[in-house]
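Chemist: File input.cif below, mmCIF, C-alpha atoms (C1' of nucleotides):
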data_work
#
loop_
_atom_site.label_atom_id
_atom_site.label_comp_id
_atom_site.auth_asym_id
_atom_site.auth_seq_id
_atom_site.Cartn_x
_atom_site.Cartn_y
_atom_site.Cartn_z
CA MET S 1 0.00 0.00 0.00
CA SER S 2 1.46 3.32 -1.03
CA ILE S 3 -0.98 5.55 0.83
CA THR S 4 -0.16 5.89 4.50
CA SER S 5 -2.92 5.13 6.92
CA ASP S 6 -2.72 8.53 8.57
CA ILE S 7 -4.03 10.14 5.42
CA LEU S 8 -6.92 7.73 5.21
CA ARG S 9 -7.57 7.97 8.91
CA GLY S 10 -11.02 9.19 9.73
CA HIS S 11 -12.47 8.13 6.40
CA THR S 12 -13.12 4.53 7.28
CA GLU S 13 -16.64 5.10 8.55
CA ALA S 14 -17.62 7.17 5.55
CA ILE S 15 -16.20 4.57 3.19
CA ILE S 16 -18.19 1.83 4.87
CA LEU S 17 -21.39 3.86 4.90
CA SER S 18 -20.95 4.71 1.26
CA HIS S 19 -20.73 1.04 0.50
CA LEU S 20 -23.79 0.15 2.53
CA LEU S 21 -25.71 2.83 0.71
CA GLU S 22 -25.58 0.64 -2.38
CA GLN S 23 -26.61 -2.55 -0.63
CA ASP S 24 -26.42 -4.50 2.59
CA SER S 25 -23.15 -6.32 2.89
CA TYR S 26 -20.86 -8.17 5.25
CA GLY S 27 -17.34 -7.55 6.47
CA TYR S 28 -15.39 -9.82 4.22
CA GLN S 29 -17.24 -8.66 1.13
CA ILE S 30 -16.90 -4.98 1.97
CA ASN S 31 -13.19 -5.40 2.34
CA LYS S 32 -12.91 -7.18 -0.98
CA ASP S 33 -14.99 -4.56 -2.74
CA ILE S 34 -12.89 -1.73 -1.41
CA MET S 35 -9.73 -3.41 -2.60
CA LYS S 36 -11.29 -3.91 -6.00
CA LYS S 37 -12.55 -0.33 -6.23
CA THR S 38 -9.07 0.99 -5.53
CA ASP S 39 -7.28 -1.46 -7.81
CA ASN S 40 -5.70 -3.12 -4.79
CA THR S 41 -3.95 0.04 -3.65
CA TYR S 42 -5.95 0.25 -0.46
CA GLU S 43 -6.89 -2.52 1.86
CA LEU S 44 -8.89 -1.81 4.94
CA LYS S 45 -7.32 -3.95 7.63
CA GLU S 46 -9.72 -6.29 9.35
CA ALA S 47 -9.14 -4.94 12.82
CA THR S 48 -9.78 -1.45 11.51
CA LEU S 49 -12.93 -2.58 9.77
CA TYR S 50 -14.42 -4.30 12.79
CA SER S 51 -13.66 -1.47 15.16
CA ALA S 52 -15.38 0.86 12.70
CA PHE S 53 -18.42 -1.43 12.61
CA ARG S 54 -18.51 -1.26 16.38
CA ARG S 55 -18.51 2.54 16.35
CA LEU S 56 -21.06 2.79 13.57
CA GLU S 57 -23.45 0.46 15.32
CA GLN S 58 -22.92 2.27 18.61
CA ALA S 59 -23.82 5.51 16.90
CA GLY S 60 -26.92 3.99 15.36
CA TYR S 61 -25.67 4.47 11.82
CA ILE S 62 -25.86 0.80 10.93
CA ARG S 63 -27.78 -2.23 12.14
CA THR S 64 -26.74 -5.83 11.82
CA TYR S 65 -28.28 -9.23 11.21
CA TRP S 66 -27.02 -12.73 10.55
CA GLY S 67 -27.37 -14.14 7.06
CA ASP S 68 -29.22 -17.44 6.60
CA GLU S 69 -26.43 -19.32 4.87
CA THR S 70 -27.08 -23.02 4.84
CA VAL S 71 -23.60 -23.73 3.47
CA GLY S 72 -20.34 -21.93 3.95
CA ALA S 73 -19.26 -19.73 6.83
CA ARG S 74 -21.92 -17.63 8.50
CA ARG S 75 -22.09 -13.99 7.50
CA ARG S 76 -22.97 -11.00 9.62
CA TYR S 77 -24.69 -8.47 7.42
CA TYR S 78 -24.74 -4.74 7.96
CA ALA S 79 -27.38 -2.29 6.81
CA ILE S 80 -27.32 1.49 6.90
CA THR S 81 -30.02 3.24 8.94
CA GLU S 82 -31.81 6.52 8.31
CA GLU S 83 -29.45 8.20 10.73
CA GLY S 84 -26.57 6.60 8.93
CA ILE S 85 -27.70 8.15 5.67
CA LYS S 86 -27.75 11.57 7.27
CA ALA S 87 -24.38 10.95 8.85
CA TYR S 88 -22.98 9.93 5.51
CA GLN S 89 -24.12 13.16 3.93
CA GLY S 90 -22.36 15.00 6.75
CA TYR S 91 -19.19 13.02 6.25
CA LYS S 92 -19.27 13.73 2.57
CA LYS S 93 -19.72 17.44 3.02
CA GLU S 94 -16.89 17.44 5.51
CA TRP S 95 -14.70 15.68 3.01
CA GLN S 96 -15.44 18.25 0.32
CA GLU S 97 -14.49 21.02 2.69
CA ALA S 98 -11.37 19.29 3.92
CA LYS S 99 -10.31 18.58 0.38
CA ASP S 100 -10.58 22.21 -0.63
CA MET S 101 -8.75 23.26 2.47
CA ILE S 102 -5.83 20.91 2.02
CA ASP S 103 -5.58 21.82 -1.65
CA LYS S 104 -5.36 25.41 -0.58
CA LEU S 105 -2.65 24.65 1.95
CA LEU S 106 -0.47 22.48 -0.26
CA ARG S 107 0.98 24.29 -3.20
CA MET T 1 -13.60 24.21 13.66
CA SER T 2 -15.96 22.17 11.53
CA ILE T 3 -13.34 19.81 10.10
CA THR T 4 -12.47 17.02 12.48
CA SER T 5 -8.85 16.51 13.24
CA ASP T 6 -8.85 12.92 12.09
CA ILE T 7 -9.41 14.07 8.54
CA LEU T 8 -6.54 16.49 8.72
CA ARG T 9 -4.37 14.00 10.50
CA GLY T 10 -1.23 13.19 8.65
CA HIS T 11 -1.26 16.43 6.68
CA THR T 12 0.35 18.58 9.32
CA GLU T 13 3.89 18.00 8.14
CA ALA T 14 3.04 18.63 4.51
CA ILE T 15 1.21 21.83 5.41
CA ILE T 16 4.19 23.11 7.36
CA LEU T 17 6.65 22.19 4.62
CA SER T 18 4.47 23.87 2.03
CA HIS T 19 4.60 27.02 4.06
CA LEU T 20 8.35 26.89 4.53
CA LEU T 21 8.74 26.48 0.80
CA GLU T 22 7.64 30.09 0.42
CA GLN T 23 9.90 31.45 3.12
CA ASP T 24 11.52 30.74 6.45
CA SER T 25 9.11 31.29 9.27
CA TYR T 26 8.47 30.68 12.94
CA GLY T 27 5.82 28.80 14.85
CA TYR T 28 3.51 31.57 15.80
CA GLN T 29 3.55 33.07 12.33
CA ILE T 30 2.98 29.77 10.58
CA ASN T 31 -0.04 29.17 12.73
CA LYS T 32 -1.44 32.59 11.98
CA ASP T 33 -0.87 32.20 8.27
CA ILE T 34 -2.63 28.88 8.16
CA MET T 35 -5.63 30.33 9.93
CA LYS T 36 -5.67 33.19 7.49
CA LYS T 37 -5.31 30.97 4.44
CA THR T 38 -8.29 28.90 5.55
CA ASP T 39 -10.45 31.87 6.57
CA ASN T 40 -10.18 30.83 10.21
CA THR T 41 -11.76 27.45 9.62
CA TYR T 42 -8.65 25.56 10.52
CA GLU T 43 -6.27 26.24 13.33
CA LEU T 44 -3.27 24.05 13.84
CA LYS T 45 -3.09 23.55 17.58
CA GLU T 46 0.19 24.58 19.14
CA ALA T 47 0.92 21.20 20.63
CA THR T 48 0.33 19.64 17.23
CA LEU T 49 2.54 22.18 15.56
CA TYR T 50 5.47 21.74 17.87
CA SER T 51 5.36 17.98 17.79
CA ALA T 52 5.39 18.18 14.01
CA PHE T 53 8.42 20.47 14.11
CA ARG T 54 10.11 17.89 16.26
CA ARG T 55 9.44 15.13 13.76
CA LEU T 56 10.41 17.22 10.77
CA GLU T 57 13.71 18.23 12.31
CA GLN T 58 14.38 14.65 13.37
CA ALA T 59 13.82 13.57 9.78
CA GLY T 60 16.14 16.25 8.47
CA TYR T 61 13.38 17.99 6.54
CA ILE T 62 13.79 21.30 8.32
CA ARG T 63 16.55 23.08 10.18
CA THR T 64 16.14 25.73 12.82
CA TYR T 65 17.82 28.90 14.01
CA TRP T 66 17.05 31.66 16.46
CA GLY T 67 16.06 35.06 15.10
CA ASP T 68 18.09 38.09 16.17
CA GLU T 69 15.19 40.09 17.57
CA THR T 70 16.40 42.97 19.72
CA VAL T 71 12.86 43.75 20.83
CA GLY T 72 9.87 41.49 21.38
CA ALA T 73 9.83 37.82 22.19
CA ARG T 74 12.50 35.65 20.67
CA ARG T 75 11.59 33.69 17.59
CA ARG T 76 12.75 30.28 16.53
CA TYR T 77 12.85 30.17 12.76
CA TYR T 78 12.47 27.09 10.63
CA ALA T 79 13.85 26.54 7.15
CA ILE T 80 13.16 23.70 4.76
CA THR T 81 16.12 21.56 3.65
CA GLU T 82 16.82 19.92 0.31
CA GLU T 83 15.53 16.67 1.73
CA GLY T 84 12.50 18.50 2.97
CA ILE T 85 11.74 19.69 -0.54
CA LYS T 86 11.89 16.16 -1.83
CA ALA T 87 9.75 14.95 1.05
CA TYR T 88 7.21 17.64 0.29
CA GLN T 89 6.94 16.51 -3.30
CA GLY T 90 6.32 13.00 -2.03
CA TYR T 91 3.66 14.19 0.40
CA LYS T 92 1.97 16.09 -2.35
CA LYS T 93 1.89 13.17 -4.71
CA GLU T 94 0.53 11.02 -1.94
CA TRP T 95 -2.20 13.56 -1.34
CA GLN T 96 -3.22 13.57 -5.00
CA GLU T 97 -3.48 9.81 -4.94
CA ALA T 98 -5.35 9.69 -1.66
CA LYS T 99 -7.75 12.35 -2.87
CA ASP T 100 -8.63 10.40 -5.99
CA MET T 101 -9.03 7.24 -3.97
CA ILE T 102 -11.35 8.74 -1.39
CA ASP T 103 -13.37 10.44 -4.10
CA LYS T 104 -13.73 7.05 -5.72
CA LEU T 105 -14.86 5.46 -2.47
CA LEU T 106 -17.36 8.13 -1.43
CA ARG T 107 -20.23 8.46 -3.80
"C1'" DT Q 1 -2.65 48.30 35.90
"C1'" DA Q 2 -5.04 44.83 33.85
"C1'" DA Q 3 -5.81 42.61 29.70
"C1'" DT Q 4 -4.38 41.12 25.38
"C1'" DA Q 5 -1.06 39.83 21.91
"C1'" DT Q 6 3.20 37.85 20.73
"C1'" DA Q 7 6.24 33.95 21.22
"C1'" DC Q 8 8.07 29.82 23.07
"C1'" DC Q 9 7.41 24.99 25.24
"C1'" DT Q 10 5.89 20.21 27.79
"C1'" DC Q 11 3.05 16.59 29.74
"C1'" DG Q 12 -0.39 13.35 29.61
"C1'" DT Q 13 -4.63 11.73 27.47
"C1'" DC Q 14 -7.41 10.25 23.72
"C1'" DT Q 15 -8.56 7.71 19.60
"C1'" DG Q 16 -8.24 5.34 15.13
"C1'" DT Q 17 -5.17 2.01 13.01
"C1'" DC Q 18 -3.19 -2.36 12.73
"C1'" DA Q 19 0.01 -6.42 13.72
"C1'" DA Q 20 -0.65 -10.57 15.61
"C1'" DG Q 21 -3.21 -13.75 17.22
"C1'" DG Q 22 -7.50 -16.79 17.36
"C1'" DT Q 23 -11.94 -19.87 15.57
"C1'" DA Q 24 -14.68 -22.48 12.03
"C1'" DT Q 25 -16.20 -24.10 7.39
"C1'" DA Q 26 -15.57 -25.03 2.36
"C1'" DT Q 27 -12.88 -25.70 -1.64
"C1'" DT Q 28 -8.84 -26.55 -4.26
"C1'" DT Q 29 -4.37 -28.63 -5.02
"C1'" DA Q 30 -0.51 -31.77 -4.51
"C1'" DT W 1 -6.52 -37.94 1.20
"C1'" DA W 2 -3.90 -34.66 3.40
"C1'" DA W 3 -2.43 -30.05 3.09
"C1'" DA W 4 -3.13 -25.60 1.54
"C1'" DT W 5 -5.97 -21.87 0.44
"C1'" DA W 6 -10.16 -19.18 0.59
"C1'" DT W 7 -14.08 -17.66 3.00
"C1'" DA W 8 -15.83 -15.66 7.17
"C1'" DC W 9 -15.89 -14.14 11.82
"C1'" DC W 10 -13.46 -11.90 16.00
"C1'" DT W 11 -10.14 -9.82 20.07
"C1'" DT W 12 -6.11 -7.91 22.33
"C1'" DG W 13 -2.56 -4.76 22.92
"C1'" DA W 14 0.68 -1.47 21.08
"C1'" DC W 15 1.57 2.66 18.48
"C1'" DA W 16 1.49 7.39 16.93
"C1'" DG W 17 -0.44 11.84 15.83
"C1'" DA W 18 -3.55 15.37 17.69
"C1'" DC W 19 -4.52 18.28 21.35
"C1'" DG W 20 -6.33 20.04 26.04
"C1'" DA W 21 -4.30 22.05 29.70
"C1'" DG W 22 -0.81 23.80 31.63
"C1'" DG W 23 3.57 26.62 31.89
"C1'" DT W 24 7.21 30.84 30.86
"C1'" DA W 25 8.49 35.57 29.20
"C1'" DT W 26 8.10 40.11 26.74
"C1'" DA W 27 5.49 43.95 24.51
"C1'" DT W 28 1.50 46.59 23.60
"C1'" DT W 29 -3.10 48.36 24.28
"C1'" DA W 30 -7.20 49.75 26.90
#
How does the structure come out when it is put into structure tokens?

Modeler:
Amino acid sequence: MSITSDILRGHTEAIILSHLLEQDSYGYQINKDIMKKTDNTYELKEATLYSAFRRLEQAGYIRTYWGDETVGARRRYYAITEEGIKAYQGYKKEWQEAKDMIDKLLR
Amino acid sequence: MSITSDILRGHTEAIILSHLLEQDSYGYQINKDIMKKTDNTYELKEATLYSAFRRLEQAGYIRTYWGDETVGARRRYYAITEEGIKAYQGYKKEWQEAKDMIDKLLR
DNA sequence: TAATATACCTCGTCTGTCAAGGTATATTTA
DNA sequence: TAAATATACCTTGACAGACGAGGTATATTA
């Protein structure tokens, strides 16, 4: 990974929410999708992912349920809540602002 | 401040180097300039600033000297080094990449 | 003369990240 | 068929950057 984690820090929750906006998903899949979306340049570490899930659920931004797999390993699915949608919009706005600001400061 | 510090995290050093690229400066002034540049939306906290100076000097990206003020409080000036210039270019490239990546992940 | 501005600094806490470890099932390969 | 790999979950403890709160000293302004 070429991008240091300090630069990505703080975006994990927004990235997850963005993903759940498309569809319910589970940890392993989300991780895979993020890798794919970034052409394998960014991999959310599992420990990071699960601690983010913990915070998001705590905040009421996601809810969780077990999948009904009859074969294969069980899957814990995550779904975004109404509050999560609002939070995501906030995160996104914050990102736009931060982006402009950093662009202004780095020249 | 509306931007959370986790989003800015990791950019402190690049922001400082960018500033020193224009001219030598000292802590208090750098802080003021950053506030001004961002229309007072972002203030680098002093503790953050000084710990970044520490790291930058350690890394050989800046060097420091005392100003020869005859009046007023003494000033410790910072100057960017050749290595610092290279490091800055690296930081900047990293930022461009990270920006694209986050934009890709938040939609 | 009190308050504010300029200018420096340190200590200890907080929080997100992640390396390293673990469990269990299913599939592929040697 | 045994071993390796992939899928899928999870926890613990350490690390590092940000920063609140505190400190010192000088100069200016109200």

Chemist: Please provide the set of residues having any atom within 12 Å of Thr4 of chain S, restricted to all atoms listed in the file, with same-chain residues fewer than 2 positions apart removed, written as a PyMOL selection string.

Modeler: (chain S and resi 1-2+6-9+41-44) or (chain T and resi 9-11+90-91+93-95+97-98) or (chain Q and resi 17)

Chemist: Run the PyMOL selection byres ((chain Q) within 8 of (chain S)) on the file and write out the hits as a list in words.

Modeler: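 In the shown coordinates, the PyMOL selection byres ((chain Q) within 8 of (chain S)) covers DG16, DT17, DC18, DA24, DT25 and DA26 of chain Q.
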
Chemist: Expanded to explicit residues, what is the PyMOL selection byres ((chain W) within 10 of (chain S)) for this file, as a ChimeraX atom specification?

Modeler: /W:7-11,16-17

Chemist: Keeping only C-alpha atoms (C1' of nucleotides), write the selected residues as a short mmCIF file (atom, residue, chain, number, x, y, z; two decimals), in the coordinates of the input.

Modeler:
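To be explicit, this is the file written out as again.cif:
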data_model
loop_
_atom_site.label_atom_id
_atom_site.label_comp_id
_atom_site.auth_asym_id
_atom_site.auth_seq_id
_atom_site.Cartn_x
_atom_site.Cartn_y
_atom_site.Cartn_z
"C1'" DT W 7 -14.08 -17.66 3.00
"C1'" DA W 8 -15.83 -15.66 7.17
"C1'" DC W 9 -15.89 -14.14 11.82
"C1'" DC W 10 -13.46 -11.90 16.00
"C1'" DT W 11 -10.14 -9.82 20.07
"C1'" DA W 16 1.49 7.39 16.93
"C1'" DG W 17 -0.44 11.84 15.83
#

Chemist: Under the rule that all atoms listed in the file are counted, which of T:Lys104, T:Arg63, T:Arg55, T:Lys32 is the nearest residue to chain S?

Modeler: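 Of all the options, T:Lys104 lies closest to chain S.
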
Chemist: Please list as a list in words every residue within 12 Å of DA2 of chain Q, counting all atoms listed in the file and excluding residues in the same chain fewer than 2 positions away.

Modeler: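 Skipping anything fewer than 2 positions along the chain leaves DT4 of chain Q; DT29 and DA30 of chain W.
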
Chemist: As an exercise, work out the distance from atom CA of Ser25 of chain S to atom CA of Met101 of chain T in Å and give it to one decimal place.

Modeler: 20.7 Å

Chemist: Which residues would end up in the selection if the PyMOL selection byres ((chain S and resi 106) around 12) were applied here, given that I need the answer as a CSV table (one decimal) with C-alpha atoms, in the frame of the given file?

Modeler:
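Done, and the output landed in expr.csv:
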chain,number,residue,atom,x,y,z
S,99,LYS,CA,-10.3,18.6,0.4
S,100,ASP,CA,-10.6,22.2,-0.6
S,101,MET,CA,-8.8,23.3,2.5
S,102,ILE,CA,-5.8,20.9,2.0
S,103,ASP,CA,-5.6,21.8,-1.6
S,104,LYS,CA,-5.4,25.4,-0.6
S,105,LEU,CA,-2.6,24.6,2.0
S,107,ARG,CA,1.0,24.3,-3.2
T,11,HIS,CA,-1.3,16.4,6.7
T,12,THR,CA,0.4,18.6,9.3
T,13,GLU,CA,3.9,18.0,8.1
T,14,ALA,CA,3.0,18.6,4.5
T,15,ILE,CA,1.2,21.8,5.4
T,16,ILE,CA,4.2,23.1,7.4
T,17,LEU,CA,6.6,22.2,4.6
T,18,SER,CA,4.5,23.9,2.0
T,19,HIS,CA,4.6,27.0,4.1
T,20,LEU,CA,8.4,26.9,4.5
T,21,LEU,CA,8.7,26.5,0.8
T,22,GLU,CA,7.6,30.1,0.4
T,34,ILE,CA,-2.6,28.9,8.2
T,37,LYS,CA,-5.3,31.0,4.4
T,38,THR,CA,-8.3,28.9,5.6
T,88,TYR,CA,7.2,17.6,0.3
T,89,GLN,CA,6.9,16.5,-3.3
T,90,GLY,CA,6.3,13.0,-2.0
T,91,TYR,CA,3.7,14.2,0.4
T,92,LYS,CA,2.0,16.1,-2.4
T,93,LYS,CA,1.9,13.2,-4.7
T,94,GLU,CA,0.5,11.0,-1.9
T,95,TRP,CA,-2.2,13.6,-1.3
T,96,GLN,CA,-3.2,13.6,-5.0

Chemist: Atom CA of Ala59 of chain S to atom C1' of DA14 of chain W: how many Å, to one decimal?

Modeler: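 Separation between atom CA of Ala59 of chain S and atom C1' of DA14 of chain W: 25.8 Å.
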
Chemist: Would you mind reading off the distance between atom C1' of DA21 of chain W and atom C1' of DA3 of chain Q, one decimal, in Å?

Modeler: 20.6 Å

Chemist: Find, counting only C-alpha atoms, the residue in T:Ile30, T:Ile3, T:Met35, T:Ile62 that gets nearest to Glu83 of chain T.

Modeler: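 Among T:Ile30, T:Ile3, T:Met35, T:Ile62, it is T:Ile62 that comes nearest to Glu83 of chain T.
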
Chemist: How big is the axis-aligned box around the listed atoms of segment 8-15 of chain Q once 6 Å is added on each side, and where is its centre? Give both in Å to one decimal, as AutoDock Vina command-line options.

Modeler:
--center_x -0.2 --center_y 18.8 --center_z 24.7 --size_x 28.6 --size_y 34.1 --size_z 22.1

Chemist: Between S:Lys86, S:Asn40, S:Leu56, S:Tyr78, which one has atoms that come closest to Gln23 of chain S, using all atoms listed in the file?

Modeler: S:Tyr78

Chemist: Which of these, Q:DT15, Q:DT1, Q:DT23, Q:DT6, has the shortest distance to DC15 of chain W once you count all atoms listed in the file?

Modeler: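 Closest to DC15 of chain W, using all atoms listed in the file: Q:DT15.
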